[in-house]
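Asker: Quick one: the structure is below, questions incoming.
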Amino acid sequence: MQPLIAPSLLSANFGNLDSDLEMINNSSADWLHLDIMDGVFVPNISFGFPVLNSVRKKVKKPLDVHLMIVKPENYIESFRDAGASVLTIHYEAVDHLHSAITQIRSLGMKAGVSLNPHTPVILLEEILPYLDMVLIMSVNPGFGGQAFIEGSYQKIRKLKILIAETGSSAKIQVDGGVNLGNAPLLVKAGADILVAGNTVFNSPDPQETISALKNCHKTIT
Ligand code: DX5
Ligand code: ZN
């Protein structure tokens with residue numbers, strides 16, 4: 001199945017964001033992925049509401065916001081107001097997951113839950129029917145440009161089975177180290193949405209790379 005592609009703004013040129021946002025608008029990207037890091041949940045700080053508010057005015061694609069922050073439940077409404085269409089929170093960062101997911105959905109956003117590489121998918125068994133998306137981190141969160149963790153394929157396959165068993169319609173997103181080599185294997189394993197930062201923004205022709213990622217399923221044998 002053809003995957004959705006969500007380029008990650010973290011690898012864009014923040015000195016000339018307008019040109020990268022225009023590239024996204026003119027590309028076949030489905031969503032724009034925005035990584036919010038607080039320096040507490042992850043060892044890095046990215047950007048926040050002022051950047052989001054400015055990006056939303058220029059980008060025509062849905063904003064896919066990935067919160068790598070502690071207590072994400074305190075900011076759900078603020079991210080809706082900042083233009084998020086999809087809001088993903090980390091399993092490891094929230095106390096009352098069901099309550100936070102319910103709030104995200106009641107505010108009209110798609111709700112996602114992200115798992116760090118060490119967190120088993122079985123922990124989502126009861127919550128899966130309430131989710132629109134599960135984000136499998138295929139690197140340790142915090143930085144772009146890291147190497148893909150190979151064990152992620154098996155995790156995606158396990159999650160796909162669990163989604164079917166629980167009658168969930170959640171989509172599977174993969175984030176971290178995605179490139180043109182592993183993309184077809186990820187789709188084959190069950191990924192529906194691929195996030196790509198370094199692979200897109202540091203390629204000679206980012207629009208062409210987005211389109212190659214989007215068509216990677218055609219190379220699956
Ligand atoms: C990492 C972020 C990713 C990151 C991906 O913590 O969640 O979205 O931007 O970057 P690449 O594709 O370069 O690994
Ligand atoms: Zn991300």
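Residues in the structure tokens are numbered from 1 in each chain, the chains being A, B, ... in the order shown, and ligands are numbered from 1 in the order shown.
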Near A:Pro7, counting only C-alpha atoms, which residues have an atom at most 8 Å away, once you skip same-chain residues fewer than 2 positions from it, shown as a PyMOL selection string?

Answerer: chain A and resi 5+9+29+31-33+195-197+200+210

Asker: Taking only C-alpha atoms and all ligand atoms into account, report as a list in words which residues have an atom no farther than 9 Å from an atom of ligand 2.

Answerer: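 With only C-alpha atoms and all ligand atoms and a cut-off of 9 Å, ligand 2 is contacted by Ser8, Leu10, His33, Leu34, Asp35, Ile36, Asp64, Val65, His66, Leu67, Met68, Leu135, Met137, Pro141, Gly142, Phe143, Gly144, Val174, Asp175, Gly176, Val195, Ala196 and Gly197 of chain A.
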
Asker: So how far away is atom CA of A:Asn140 from atom CA of A:Glu208, in Å?

Answerer: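 Between atom CA of A:Glu208 and atom CA of A:Asn140 the gap works out to 27.4 Å.
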
Asker: Can you list, as an MDAnalysis selection string, every protein, DNA or RNA residue that comes within 10 Å of A:Leu21 when you count only C-alpha atoms, leaving out same-chain residues fewer than 2 positions away?

Answerer: chainID A and resid 9 12:13 16:19 23:27 32 55:56 58:61

Asker: Okay, now the selection with C-alpha atoms, as a compact mmCIF listing (two decimals), in the first residue's frame?

Answerer:
# COMPACT_ATOMS: atom_id res chain seq x y z
CA LEU A 9 10.83 20.12 9.75
CA ALA A 12 14.93 22.12 7.49
CA ASN A 13 17.00 25.30 7.14
CA ASN A 16 15.43 30.28 5.36
CA LEU A 17 12.31 28.44 6.42
CA ASP A 18 10.09 30.06 3.78
CA SER A 19 11.85 28.32 0.93
CA MET A 23 9.10 23.19 -1.25
CA ILE A 24 6.77 21.20 1.04
CA ASN A 25 3.70 22.93 -0.41
CA ASN A 26 4.77 22.07 -3.95
CA SER A 27 5.71 18.49 -3.11
CA LEU A 32 4.38 18.15 7.72
CA VAL A 55 4.46 27.72 9.92
CA ARG A 56 0.70 27.07 9.95
CA LYS A 58 2.32 29.21 5.20
CA VAL A 59 1.89 25.44 4.96
CA LYS A 60 -1.02 23.92 3.08
CA LYS A 61 -0.46 20.38 4.43

Asker: What is the distance between atom CA of A:Thr199 and atom CA of A:Asp30, in Å to one decimal?

Answerer: 15.9 Å
